[in-house]
Amino acid sequence: MVSAPYCAKLFSDFGADVIKVEPPEGDVSRQWGPFPNDEPHPEKSGLFFFLNTNKRAVTIDVSRTDGREQFGELLRDADLFIENNRPQQMRDWGLDYDSLAEANPNLVMVSITPYGQTGPYSDWVAYDLNAYHLSAAGHRYCGRPGEAPLEHGTFSADFYGANAGAAWGLAAVYGRDIVGGGQHLDVSCAEVIASVFTGCQNIGGFAQDGVYETRTGIGMPLGAPATILPCKDGHVWMLALEPGQWNALAKVMGNPDWMLLEQFQDMFVRAQNADAMYPLIEQWTMEHTKAEIMERCQEAGCPTMAIMTVPEAAEQPHLKERGYVVDIEHPVLGPMRTLGAPFGLPESPGGPTAPAPLLGQHNDELLKRGVAN
Amino acid sequence: MAAPLPLKNIRVANFGWVWAGPVVGQTLGFLGAEVYKIESRARIDINRTLPPFGEGVSGPDRSLQNHAGWAGNGSVSLNLKEPEGVELAKQLVAKSDVVIENFGPGAMEALNLGYDELKQVKPDIVMLSMPSAGLSGPLMNVRAYGMSLTSITGLDSITGYRDGPPIPVENAFSDPYNGIMGAFAVLVALTHRDRTGTGQHIDYSQQESIMQLAGPAFMDYVMNGRTATTMGNRHPTNAGAPHGVFPCQGDDRWISIAVMTGEEWQGLRAAMDDPEWAQSDDYASAAGRVANIDALHEQLAAWVAGFDDRELSELLQQHGVAAAPVLCIGDLLSDPQFKSRGTYVEVTHPLGFKETIYGSYVKSNKFEAAVRPGPMIGQDNDYVFKELLELPEDRYRDLIEREIIY
């Protein structure tokens with residue numbers, strides 16, 4: 001799946017020796033695609049490729065006693081153990097933290113699950129979608145009123161949980177001597193978003209005043225323009241809130257008379273009159289391409305952006321110049337391309353250099369002979 | 001007794017502002033680092049001015065959302081427009097391990113606080129710069145808000161109702177994400193520093209960090225040349241169905257249901273008492289359910305409609321189906337899961353009012369994260385200037401008088 005693999009990728013892409021442990025039939029994400037020509041193949045999943053660069057891989061059946069022994073061997077000298085199974089499943093396998101810490105008291109175990117290790121939902125069946133929507137992020141911030149709350153078209157909750165697991169997991173390893181050994185970190189993907197995103201922005205006000213808001217489908221309802229508008233060849237994120245930005249937009253649009261009207265003179269009154277204003281701006285955006293709009297607005301000092309498709313984002317000269325997209329050869333897929341490191345460390349550069357491993361590719365070198373699957 | 005916190009020997013000078021930068025400091029602070037946000041009454045951070053305010057009284061030390069987002073940071077106040085203020089900031093950096101900032105490229109240099117200068121006072125400093133699009137390249141000076149940053153990653157182009165226009169996410173989803181990832185970046189650089197003695201200047205492009213979330217769609221482009229469109233709540237790689245949210249009894253109440261395996265599909269059928277439509281061959285395989293997802297969702301929605309979201313979640317869970325209520329903000333404080341985990345905590349602000357913020361958003365079985373109320377401007381001035389930087393009392397008073405420490 002996504003959460004624990006992406007968390008572990010953050011370590012493997014910055015130099016850690018990460019061993020991916022899969023059941024004999026392979027990680028589920030090997031079946032999830034995308035696949036070349038949409039033809040499923042366990043070694044050709046684009047998702048698996050993206051999430052598992054720079055790792056070695058073994059297959060172990062931890063539901064069997066000999067499998068658990070093999071796994072125990074791998075964990076004996078490990079700094080980190082990252083996993084995203086249901087807590088009850090881990091207990092059933094005897095792979096709960098207390099059991100593992102007996103063999104390796106320095107082990108930092110990072111469990112990343114939709115709802116966490118404790119609480120009434122901890123053993124609920126759940127995927128990314130369920131965790132994301134438990135955080136109220138969609139209900140509050142994405143979608144039109146009366147229509148479904150939306151996620152972002154990706155594994156948002158899994159990525160958030162992975163990110164939190166990586167930061168806290170590395171801190172726990174970094175400060176292990178201070179803390180006095182290993183520990184168990186309990187990450188709930190839903191809780192991370194419900195804390196740092198929806199909680200941050202809303203919980204203080206709701207707790208104090210008992211009122212809360214829901215999605216509007218517009219963008220920023222309190223100030224305007226702050227919305228997505230269509231243009232000649234797609235869409236733009238139209239933003240011109242501060243006076244300088246509004247004036248810059250006026251200049252780019254050729255100073256139309258309506259922009260001088262009183263009901264458009266600050267971002268708050270513009271928001272109240274947004275229904276009248278957005279069509280007027282749209283008349284102009286529909287005559288121009290998103291690249292043109294972004295370039296001219298940015299140049300004038302207005303933060304409007306083009307909504308790039310994924311290919312447009314991937315091909316932008318800016319990212320090419322920064323070397324963000326990297327080419328890697330995969331033994332089955334052939335020449336492949338993926339995204340580089342999420343941040344640049346000039347003294348210790350990271351990022352994918354080796355492809356995702358084949359199923360059980362490193363069994364021989366990592367598992368004792370005779371017991372490997 | 002709880003163990004000491006893992007970052008207790010790390011000191012951080014945080015020039016970060018608004019949201020992403022302060023969350024880097026918060027994460028490091030929760031984990032035990034000593035973090036000082038450097039700010040000034042001469043230019044009050046916009047996040048301090050955002051309502052709602054504690055007890056409804058406005059003021060830069062009373063913004064509730066600001067306190068939640070900044071909790072964990074301390075605060076010292078320095079007017080960086082004054083050379084003496086810059087000099088004092090440098091003295092603090094000389095005694096720090098980490099510097100954080102999220103201005104545009106060149107802003108720190110303009111203040112005489114660029115990496116090259118800070119390296120003079122602390123050769124192994126780890127400096128995290130996290131502008132929108134990094135420290136180099138043609139877009140490096142792009143003006144972006146956290147809310148719209150996603151537009152140059154491709155992510156906005158897949159957010160919206162299926163095949164409809166992109167729908168804006170009405171807040172900066174990427175800001176706190178970058179805050180946490182920024183803390184990870186700092187920790188990677190500190191690990192490198194401890195091994196080699198070398199600090200570095202982290203070139204953290206918020207665009208590149210967030211674009212990873214579009215990774216699945218990016219791979220489809222690489223492999224098939226396909227341009228992803230808006231996904232609704234569908235599975236990001238279309239590997240399973242049903243996969244969506246469905247309206248329940250009540251106003252704006254919804255349930256999320258995701259079925260990925262054959263076993264889960266059988267569970268859903270059983271929960272529904274196996275209606276005839278669900279027995280259709282069209283739905284027998286995951287591929288079939290994905291191919292016929294619109295009809296499937298319509299039929300499922302009709303069944304869901306009369307149920308209470310929580311009761312139905314329980315029922316579906318009994319059948320091994322991934323279902324959960326879609327919460328609204330008004331549900332967060334009373335939801336049994338968040339309540340049980342102590343997700344939100346009430347604290348008393350130094351000004352005396354009670355406020356609710358989020359607590360340790362990751363739980364450790366060894367330590368209690370250092371969650372404190374959001375900082376008041378300059379709350380740590382006495383300690384930092386008099387004890388840490390050893391300023392004599394009369395000089396300290398003079399600097400306050402002249403609004404350098406301000």
# chains A, B, ... in the order shown; residues from 1 in each chain; ligands from 1

call {"tool": "residues_around", "arguments": {"residues": "range 116-122 of chain A", "least_positions_apart": "2", "cutoff": "10 Å", "atoms": "only C-alpha atoms", "output": "ChimeraX atom specification"}}
result
/A:84,86-88,111-114,124-126,185-191 /B:314,317,324,336-342,362-363

call {"tool": "write_last_selection", "arguments": {"atoms": "N, CA, C and O atoms", "output": "short mmCIF file (atom, residue, chain, number, x, y, z; two decimals), in the first residue's frame"}}
result
data_model
loop_
_atom_site.label_atom_id
_atom_site.label_comp_id
_atom_site.auth_asym_id
_atom_site.auth_seq_id
_atom_site.Cartn_x
_atom_site.Cartn_y
_atom_site.Cartn_z
N ASN A 84 2.26 -0.85 8.46
CA ASN A 84 0.92 -0.27 8.42
C ASN A 84 -0.18 -1.34 8.42
O ASN A 84 -1.17 -1.23 7.72
N ARG A 86 -3.11 -3.81 10.43
CA ARG A 86 -4.07 -3.60 11.52
C ARG A 86 -3.43 -4.06 12.83
O ARG A 86 -2.77 -5.09 12.87
N PRO A 87 -3.62 -3.28 13.89
CA PRO A 87 -2.99 -3.63 15.18
C PRO A 87 -3.27 -5.07 15.61
O PRO A 87 -2.37 -5.76 16.09
N GLN A 88 -4.51 -5.53 15.43
CA GLN A 88 -4.83 -6.89 15.85
C GLN A 88 -4.04 -7.92 15.03
O GLN A 88 -3.59 -8.93 15.55
N SER A 111 4.33 2.67 13.52
CA SER A 111 3.09 2.09 12.99
C SER A 111 2.25 3.21 12.41
O SER A 111 1.92 4.17 13.10
N ILE A 112 1.94 3.08 11.12
CA ILE A 112 1.15 4.11 10.45
C ILE A 112 -0.15 3.47 9.98
O ILE A 112 -0.16 2.69 9.02
N THR A 113 -1.22 3.76 10.66
CA THR A 113 -2.50 3.15 10.30
C THR A 113 -3.55 4.24 10.13
O THR A 113 -3.33 5.38 10.55
N PRO A 114 -4.68 3.91 9.52
CA PRO A 114 -5.69 4.96 9.31
C PRO A 114 -6.11 5.64 10.62
O PRO A 114 -6.22 6.85 10.67
N TRP A 124 -10.81 -1.09 13.08
CA TRP A 124 -11.72 -1.01 11.94
C TRP A 124 -10.95 -1.27 10.64
O TRP A 124 -9.76 -0.92 10.52
N VAL A 125 -11.64 -1.86 9.70
CA VAL A 125 -11.08 -1.97 8.36
C VAL A 125 -11.12 -0.58 7.75
O VAL A 125 -12.14 0.11 7.84
N ALA A 126 -10.03 -0.14 7.15
CA ALA A 126 -10.04 1.20 6.58
C ALA A 126 -8.97 1.36 5.52
O ALA A 126 -7.93 0.71 5.56
N LEU A 185 6.16 4.36 17.94
CA LEU A 185 5.46 5.58 17.54
C LEU A 185 4.17 5.19 16.83
O LEU A 185 4.17 4.36 15.92
N ASP A 186 3.10 5.79 17.27
CA ASP A 186 1.76 5.44 16.83
C ASP A 186 1.22 6.59 15.99
O ASP A 186 0.90 7.66 16.51
N VAL A 187 1.16 6.38 14.67
CA VAL A 187 0.69 7.43 13.75
C VAL A 187 -0.68 7.04 13.21
O VAL A 187 -0.84 5.97 12.63
N SER A 188 -1.64 7.91 13.39
CA SER A 188 -2.95 7.74 12.76
C SER A 188 -3.05 8.76 11.63
O SER A 188 -2.96 9.96 11.87
N CYS A 189 -3.22 8.26 10.41
CA CYS A 189 -3.29 9.19 9.26
C CYS A 189 -4.43 10.20 9.45
O CYS A 189 -4.28 11.39 9.17
N ALA A 190 -5.58 9.70 9.92
CA ALA A 190 -6.71 10.60 10.14
C ALA A 190 -6.38 11.65 11.18
O ALA A 190 -6.68 12.84 11.02
N GLU A 191 -5.72 11.23 12.24
CA GLU A 191 -5.43 12.15 13.34
C GLU A 191 -4.41 13.22 12.93
O GLU A 191 -4.52 14.38 13.36
N GLU B 314 -20.85 1.01 11.64
CA GLU B 314 -20.74 -0.16 12.53
C GLU B 314 -21.18 -1.43 11.81
O GLU B 314 -20.52 -2.46 11.88
N GLN B 317 -18.66 -2.45 9.21
CA GLN B 317 -17.45 -2.97 9.86
C GLN B 317 -17.66 -4.41 10.32
O GLN B 317 -16.76 -5.25 10.21
N ALA B 324 -16.65 4.41 7.14
CA ALA B 324 -16.51 5.31 8.29
C ALA B 324 -17.33 6.56 8.04
O ALA B 324 -17.52 6.95 6.87
N PRO B 336 -15.66 9.60 19.05
CA PRO B 336 -15.06 8.70 20.05
C PRO B 336 -13.58 8.40 19.80
O PRO B 336 -12.82 8.25 20.75
N GLN B 337 -13.19 8.33 18.53
CA GLN B 337 -11.79 8.01 18.23
C GLN B 337 -10.86 9.15 18.66
O GLN B 337 -9.88 8.94 19.36
N PHE B 338 -11.18 10.34 18.23
CA PHE B 338 -10.32 11.48 18.57
C PHE B 338 -10.36 11.77 20.08
O PHE B 338 -9.36 12.16 20.68
N LYS B 339 -11.54 11.58 20.67
CA LYS B 339 -11.66 11.79 22.11
C LYS B 339 -10.78 10.81 22.87
O LYS B 339 -10.04 11.17 23.78
N SER B 340 -10.88 9.55 22.45
CA SER B 340 -10.13 8.51 23.13
C SER B 340 -8.62 8.74 23.01
O SER B 340 -7.86 8.41 23.93
N ARG B 341 -8.18 9.29 21.90
CA ARG B 341 -6.74 9.49 21.69
C ARG B 341 -6.26 10.85 22.20
O ARG B 341 -5.06 11.16 22.09
N GLY B 342 -7.14 11.66 22.72
CA GLY B 342 -6.69 12.97 23.20
C GLY B 342 -6.13 13.82 22.09
O GLY B 342 -5.13 14.53 22.26
N VAL B 362 1.45 12.67 16.88
CA VAL B 362 1.96 11.30 16.84
C VAL B 362 2.13 10.90 18.30
O VAL B 362 2.53 11.73 19.12
N LYS B 363 1.80 9.64 18.63
CA LYS B 363 1.91 9.22 20.03
C LYS B 363 3.13 8.32 20.21
O LYS B 363 3.37 7.43 19.40
#

call {"tool": "select_by_dssp", "arguments": {"residues": "range 39-220 of chain B", "states": "helix (DSSP H, G or I)", "output": "PyMOL selection string"}}
result
chain B and resi 46-49+54-56+64-70+83-94+107-110+115-121+149-152+156-158+174-196+206-220

call {"tool": "residues_around", "arguments": {"residues": "range 64-77 of chain B", "least_positions_apart": "4", "cutoff": "8 Å", "atoms": "only C-alpha atoms", "output": "compact mmCIF listing (two decimals) with N, CA, C and O atoms, in the first residue's frame"}}
result
# COMPACT_ATOMS: atom_id res chain seq x y z
N VAL A 196 -3.08 18.83 12.34
CA VAL A 196 -2.29 19.92 11.75
C VAL A 196 -3.04 20.71 10.69
O VAL A 196 -2.68 21.85 10.40
N GLY A 199 -7.74 20.63 12.34
CA GLY A 199 -7.72 21.00 13.74
C GLY A 199 -7.12 22.38 13.93
O GLY A 199 -7.67 23.24 14.61
N CYS A 200 -5.99 22.60 13.29
CA CYS A 200 -5.29 23.88 13.43
C CYS A 200 -6.20 25.05 13.11
O CYS A 200 -6.29 26.01 13.84
N GLN A 201 -6.91 24.93 12.00
CA GLN A 201 -7.67 26.07 11.51
C GLN A 201 -9.03 26.23 12.18
O GLN A 201 -9.63 27.29 12.09
N ASN A 202 -9.55 25.17 12.77
CA ASN A 202 -10.95 25.23 13.18
C ASN A 202 -11.25 24.88 14.64
O ASN A 202 -12.28 25.30 15.15
N ILE A 203 -10.40 24.10 15.28
CA ILE A 203 -10.83 23.49 16.53
C ILE A 203 -10.91 24.51 17.67
O ILE A 203 -11.79 24.43 18.53
N GLY A 204 -10.01 25.49 17.67
CA GLY A 204 -10.03 26.51 18.72
C GLY A 204 -11.33 27.30 18.68
O GLY A 204 -12.00 27.50 19.70
N GLY A 205 -11.70 27.73 17.49
CA GLY A 205 -12.92 28.52 17.32
C GLY A 205 -14.15 27.69 17.63
O GLY A 205 -15.08 28.16 18.30
N TRP B 19 2.59 29.80 8.17
CA TRP B 19 2.14 28.47 8.59
C TRP B 19 3.23 27.40 8.42
O TRP B 19 3.61 26.73 9.39
N PRO B 22 6.50 27.87 10.74
CA PRO B 22 6.20 27.62 12.15
C PRO B 22 5.91 26.14 12.46
O PRO B 22 6.23 25.67 13.55
N VAL B 23 5.30 25.40 11.51
CA VAL B 23 5.03 23.98 11.79
C VAL B 23 6.33 23.16 11.83
O VAL B 23 6.42 22.17 12.56
N GLY B 25 9.05 24.30 13.17
CA GLY B 25 9.45 24.56 14.55
C GLY B 25 8.59 23.81 15.54
O GLY B 25 9.07 23.28 16.54
N GLN B 26 7.30 23.74 15.26
CA GLN B 26 6.39 23.03 16.15
C GLN B 26 6.77 21.56 16.28
O GLN B 26 6.82 21.00 17.37
N THR B 27 7.02 20.93 15.11
CA THR B 27 7.33 19.50 15.14
C THR B 27 8.62 19.25 15.91
O THR B 27 8.68 18.38 16.78
N LEU B 28 9.64 20.06 15.62
CA LEU B 28 10.90 19.90 16.35
C LEU B 28 10.70 20.23 17.83
O LEU B 28 11.28 19.58 18.71
N GLY B 29 9.85 21.21 18.12
CA GLY B 29 9.57 21.59 19.50
C GLY B 29 8.81 20.50 20.26
O GLY B 29 9.14 20.19 21.40
N PHE B 30 7.80 19.92 19.63
CA PHE B 30 7.08 18.81 20.28
C PHE B 30 8.06 17.71 20.65
O PHE B 30 7.89 17.01 21.64
N GLU B 34 14.60 23.15 21.49
CA GLU B 34 14.34 24.48 22.05
C GLU B 34 14.19 25.40 20.84
O GLU B 34 15.17 25.66 20.14
N VAL B 35 12.98 25.85 20.57
CA VAL B 35 12.71 26.57 19.32
C VAL B 35 12.28 28.00 19.61
O VAL B 35 11.35 28.22 20.40
N TYR B 36 12.94 28.94 19.00
CA TYR B 36 12.55 30.34 19.15
C TYR B 36 12.14 30.91 17.82
O TYR B 36 12.95 30.98 16.90
N LYS B 37 10.89 31.29 17.74
CA LYS B 37 10.45 31.99 16.54
C LYS B 37 10.89 33.44 16.69
O LYS B 37 10.69 34.05 17.74
N ILE B 38 11.53 33.95 15.65
CA ILE B 38 12.02 35.32 15.71
C ILE B 38 11.04 36.19 14.94
O ILE B 38 10.80 35.99 13.75
N GLU B 39 10.41 37.09 15.64
CA GLU B 39 9.35 37.89 15.02
C GLU B 39 9.39 39.28 15.64
O GLU B 39 10.21 39.56 16.50
N SER B 40 8.50 40.16 15.17
CA SER B 40 8.56 41.53 15.68
C SER B 40 7.21 42.23 15.62
O SER B 40 6.41 42.00 14.71
N ARG B 41 7.00 43.07 16.60
CA ARG B 41 5.81 43.92 16.57
C ARG B 41 5.92 44.96 15.46
O ARG B 41 4.93 45.59 15.10
N ASN B 47 -0.60 35.71 10.45
CA ASN B 47 -1.33 34.64 11.14
C ASN B 47 -1.77 35.03 12.54
O ASN B 47 -2.70 34.47 13.08
N ARG B 48 -1.08 36.00 13.11
CA ARG B 48 -1.47 36.48 14.45
C ARG B 48 -2.71 37.36 14.39
O ARG B 48 -3.30 37.67 15.42
N LEU B 50 -5.44 36.66 12.51
CA LEU B 50 -6.59 35.95 12.00
C LEU B 50 -7.57 35.54 13.10
O LEU B 50 -7.17 34.97 14.11
N PRO B 51 -8.87 35.84 12.90
CA PRO B 51 -9.87 35.38 13.86
C PRO B 51 -10.10 33.88 13.73
O PRO B 51 -9.67 33.30 12.72
N PRO B 52 -10.77 33.21 14.66
CA PRO B 52 -11.33 33.78 15.89
C PRO B 52 -10.26 34.01 16.96
O PRO B 52 -9.20 33.40 16.92
N PHE B 53 -10.58 34.90 17.89
CA PHE B 53 -9.65 35.26 18.95
C PHE B 53 -10.11 34.72 20.30
O PHE B 53 -11.32 34.51 20.50
N GLY B 54 -9.17 34.53 21.20
CA GLY B 54 -9.50 34.06 22.54
C GLY B 54 -10.50 34.99 23.22
O GLY B 54 -10.27 36.20 23.27
N GLU B 355 -7.95 27.73 25.80
CA GLU B 355 -8.11 27.52 24.36
C GLU B 355 -7.85 26.06 24.04
O GLU B 355 -7.13 25.37 24.77
N THR B 356 -8.48 25.59 22.95
CA THR B 356 -8.30 24.21 22.54
C THR B 356 -7.40 24.17 21.32
O THR B 356 -7.65 24.87 20.33
N ILE B 357 -6.34 23.39 21.42
CA ILE B 357 -5.41 23.22 20.30
C ILE B 357 -5.26 21.71 20.07
O ILE B 357 -5.84 20.92 20.80
N TYR B 358 -4.52 21.34 19.05
CA TYR B 358 -4.26 19.91 18.90
C TYR B 358 -3.04 19.54 19.72
O TYR B 358 -2.16 20.36 19.94
N ALA B 370 6.21 17.78 24.01
CA ALA B 370 6.16 19.08 24.70
C ALA B 370 5.15 20.00 24.02
O ALA B 370 5.49 20.80 23.17
N VAL B 371 3.89 19.84 24.40
CA VAL B 371 2.83 20.66 23.81
C VAL B 371 2.52 21.81 24.78
O VAL B 371 2.13 21.58 25.91
N ARG B 372 2.78 22.99 24.31
CA ARG B 372 2.51 24.18 25.12
C ARG B 372 1.60 25.11 24.33
O ARG B 372 1.47 24.94 23.12
N PRO B 373 0.98 26.09 24.97
CA PRO B 373 0.14 27.02 24.19
C PRO B 373 0.98 27.75 23.15
O PRO B 373 2.21 27.82 23.27
N GLY B 374 0.31 28.28 22.15
CA GLY B 374 1.01 29.08 21.15
C GLY B 374 1.72 30.24 21.82
O GLY B 374 1.28 30.73 22.85
N PRO B 375 2.87 30.66 21.26
CA PRO B 375 3.69 31.65 21.96
C PRO B 375 3.13 33.07 21.90
O PRO B 375 2.54 33.48 20.90
N MET B 376 3.34 33.80 22.97
CA MET B 376 3.12 35.26 22.94
C MET B 376 4.35 35.89 22.31
O MET B 376 5.46 35.38 22.46
N ILE B 377 4.14 37.00 21.63
CA ILE B 377 5.29 37.68 21.02
C ILE B 377 6.32 38.02 22.09
O ILE B 377 5.99 38.68 23.08
N GLY B 378 7.53 37.54 21.91
CA GLY B 378 8.62 37.89 22.83
C GLY B 378 8.57 37.22 24.18
O GLY B 378 9.24 37.65 25.12
N GLN B 379 7.81 36.14 24.31
CA GLN B 379 7.66 35.53 25.64
C GLN B 379 8.99 34.99 26.19
O GLN B 379 9.14 34.84 27.39
N ASP B 380 9.95 34.69 25.32
CA ASP B 380 11.21 34.13 25.79
C ASP B 380 12.36 35.14 25.76
O ASP B 380 13.53 34.76 25.85
N ASN B 381 12.02 36.41 25.62
CA ASN B 381 13.07 37.44 25.53
C ASN B 381 14.00 37.43 26.73
O ASN B 381 15.23 37.46 26.59
N VAL B 384 16.34 34.34 26.58
CA VAL B 384 17.27 34.31 25.44
C VAL B 384 18.29 35.44 25.53
O VAL B 384 19.50 35.22 25.37
N ILE B 405 14.69 45.22 20.50
CA ILE B 405 13.97 44.05 21.00
C ILE B 405 12.52 44.51 21.10
O ILE B 405 12.15 45.27 21.99
N TYR B 406 11.70 44.07 20.12
CA TYR B 406 10.38 44.69 19.98
C TYR B 406 9.43 43.75 19.26
O TYR B 406 9.66 43.42 18.11

call {"tool": "closest_atom_pairs", "arguments": {"of": "range 120-213 of chain A", "to": "range 164-168 of chain B", "cutoff": "9 Å", "atoms": "only C-alpha atoms", "output": "tab-separated table"}}
result
residue	atom	partner	partner_atom	distance
A:Tyr141	CA	B:Pro168	CA	8.3
A:Cys142	CA	B:Pro168	CA	6.7
A:Gly143	CA	B:Ile167	CA	6.5
A:Arg144	CA	B:Ile167	CA	8.2
A:Leu150	CA	B:Ile167	CA	8.9

call {"tool": "write_last_selection", "arguments": {"atoms": "C-alpha atoms", "output": "PDB file, in the first residue's frame"}}
result
ATOM      1  CA  TYR A 141     -12.587  22.405   2.517  1.00  0.00           C
ATOM      2  CA  CYS A 142     -13.279  20.557  -0.698  1.00  0.00           C
ATOM      3  CA  GLY A 143     -16.423  20.237  -2.765  1.00  0.00           C
ATOM      4  CA  ARG A 144     -19.607  22.134  -3.495  1.00  0.00           C
ATOM      5  CA  LEU A 150     -13.910  15.431  -1.928  1.00  0.00           C
TER       6      LEU A 150
END

call {"tool": "residues_around", "arguments": {"residues": "Thr289 in chain A", "least_positions_apart": "2", "cutoff": "8 Å", "atoms": "only C-alpha atoms", "output": "list in words"}}
result
Cys231, Lys232, Asp233, Gly234, Thr285, Met286, Glu287, Ala291, Glu292 and Ile293 of chain A

call {"tool": "residues_around", "arguments": {"residues": "Ala271 in chain A", "least_positions_apart": "2", "cutoff": "10 Å", "atoms": "only C-alpha atoms", "output": "ChimeraX atom specification"}}
result
/A:220-226,241,263-264,266-269,273-278

call {"tool": "residues_around", "arguments": {"residues": "Asn163 in chain A", "least_positions_apart": "4", "cutoff": "8 Å", "atoms": "only C-alpha atoms", "output": "PyMOL selection string"}}
result
(chain A and resi 7+159+167) or (chain B and resi 177+180-181+184)

call {"tool": "write_last_selection", "arguments": {"atoms": "N, CA, C and O atoms", "output": "compact mmCIF listing (two decimals), in the first residue's frame"}}
result
# COMPACT_ATOMS: atom_id res chain seq x y z
N CYS A 7 6.75 6.23 3.60
CA CYS A 7 7.57 6.59 4.76
C CYS A 7 8.96 5.95 4.63
O CYS A 7 9.98 6.63 4.77
N PHE A 159 -0.22 9.80 2.54
CA PHE A 159 0.99 10.62 2.41
C PHE A 159 1.24 11.43 3.68
O PHE A 159 2.38 11.56 4.15
N ALA A 167 9.23 11.91 10.01
CA ALA A 167 9.83 12.95 10.86
C ALA A 167 9.99 12.46 12.30
O ALA A 167 11.06 12.60 12.90
N TYR B 177 1.76 20.14 5.74
CA TYR B 177 2.48 18.98 5.19
C TYR B 177 3.96 19.36 5.03
O TYR B 177 4.86 18.63 5.44
N ILE B 180 5.84 19.54 8.37
CA ILE B 180 6.31 18.27 8.93
C ILE B 180 7.48 17.73 8.10
O ILE B 180 8.49 17.27 8.63
N MET B 181 7.34 17.81 6.76
CA MET B 181 8.42 17.32 5.90
C MET B 181 9.69 18.16 6.10
O MET B 181 10.81 17.65 6.02
N PHE B 184 11.53 16.75 8.90
CA PHE B 184 12.26 15.55 8.48
C PHE B 184 13.56 15.95 7.76
O PHE B 184 14.62 15.39 8.02

call {"tool": "atom_distance", "arguments": {"atom1": "CA of Arg140 in chain A", "atom2": "CA of Ser364 in chain B"}}
result
29.1 Å

call {"tool": "closest_atom_pairs", "arguments": {"of": "range 198-236 of chain B", "to": "range 95-103 of chain B", "cutoff": "12 Å", "atoms": "only C-alpha atoms", "output": "Markdown table"}}
result
| residue | atom | partner | partner_atom | distance |
| --- | --- | --- | --- | --- |
| B:Thr198 | CA | B:Asp97 | CA | 11.5 |
| B:Gly199 | CA | B:Asp97 | CA | 9.0 |
| B:Gln200 | CA | B:Val98 | CA | 9.8 |
| B:His201 | CA | B:Val99 | CA | 9.3 |
| B:Ile202 | CA | B:Ile100 | CA | 9.6 |
| B:Asp203 | CA | B:Asn102 | CA | 10.8 |
| B:Tyr204 | CA | B:Asn102 | CA | 9.3 |
| B:Ser205 | CA | B:Asn102 | CA | 10.0 |
| B:Gln206 | CA | B:Asn102 | CA | 9.6 |

call {"tool": "write_last_selection", "arguments": {"atoms": "N, CA and C atoms", "output": "compact mmCIF listing (two decimals), in the first residue's frame"}}
result
# COMPACT_ATOMS: atom_id res chain seq x y z
N THR B 198 29.68 18.56 9.13
CA THR B 198 29.34 19.55 8.11
C THR B 198 27.86 19.91 8.16
N GLY B 199 27.59 21.19 8.22
CA GLY B 199 26.21 21.65 8.11
C GLY B 199 25.83 21.81 6.65
N GLN B 200 24.68 22.34 6.37
CA GLN B 200 24.33 22.62 4.99
C GLN B 200 23.10 23.50 4.89
N HIS B 201 22.90 23.99 3.67
CA HIS B 201 21.76 24.86 3.39
C HIS B 201 20.75 24.05 2.58
N ILE B 202 19.66 23.67 3.22
CA ILE B 202 18.66 22.81 2.57
C ILE B 202 17.83 23.63 1.59
N ASP B 203 17.82 23.16 0.36
CA ASP B 203 17.03 23.80 -0.70
C ASP B 203 15.70 23.06 -0.79
N TYR B 204 14.75 23.51 0.00
CA TYR B 204 13.46 22.81 0.11
C TYR B 204 12.44 23.54 -0.75
N SER B 205 12.09 22.92 -1.86
CA SER B 205 11.05 23.49 -2.73
C SER B 205 9.71 22.89 -2.32
N GLN B 206 8.80 23.75 -1.87
CA GLN B 206 7.49 23.23 -1.44
C GLN B 206 6.78 22.55 -2.61

call {"tool": "closest_residue", "arguments": {"among": "B:Asp163, B:Asp308, B:Asp294, B:Glu208", "to": "chain A", "atoms": "only C-alpha atoms"}}
result
B:Glu208

call {"tool": "residues_around", "arguments": {"residues": "Gln249 in chain B", "least_positions_apart": "2", "cutoff": "10 Å", "atoms": "only C-alpha atoms", "output": "PyMOL selection string"}}
result
chain B and resi 247+251-254+304-309

call {"tool": "closest_residue", "arguments": {"among": "A:Trp93, A:Phe343, A:Trp168, A:Tyr115", "to": "Ser63 in chain A", "atoms": "only C-alpha atoms"}}
result
A:Trp93

call {"tool": "closest_residue", "arguments": {"among": "B:Thr237, B:Gln279, B:Thr343, B:Thr49", "to": "Met1 in chain A", "atoms": "only C-alpha atoms"}}
result
B:Thr237

call {"tool": "closest_residue", "arguments": {"among": "B:Gly288, B:Pro105, B:Pro275, B:Pro216", "to": "chain A", "atoms": "only C-alpha atoms"}}
result
B:Pro216

call {"tool": "closest_residue", "arguments": {"among": "B:Val57, B:Leu268, B:Leu5, B:Val347", "to": "chain A", "atoms": "only C-alpha atoms"}}
result
B:Leu5

call {"tool": "closest_residue", "arguments": {"among": "B:Gly225, B:Asp61, B:Arg395, B:Ala369", "to": "Gly352 in chain B", "atoms": "only C-alpha atoms"}}
result
B:Asp61

call {"tool": "select_by_dssp", "arguments": {"residues": "range 133-306 of chain A", "states": "strand (DSSP E)", "output": "number ranges by chain"}}
result
A: 183-188, 226-231, 234-239, 305-306
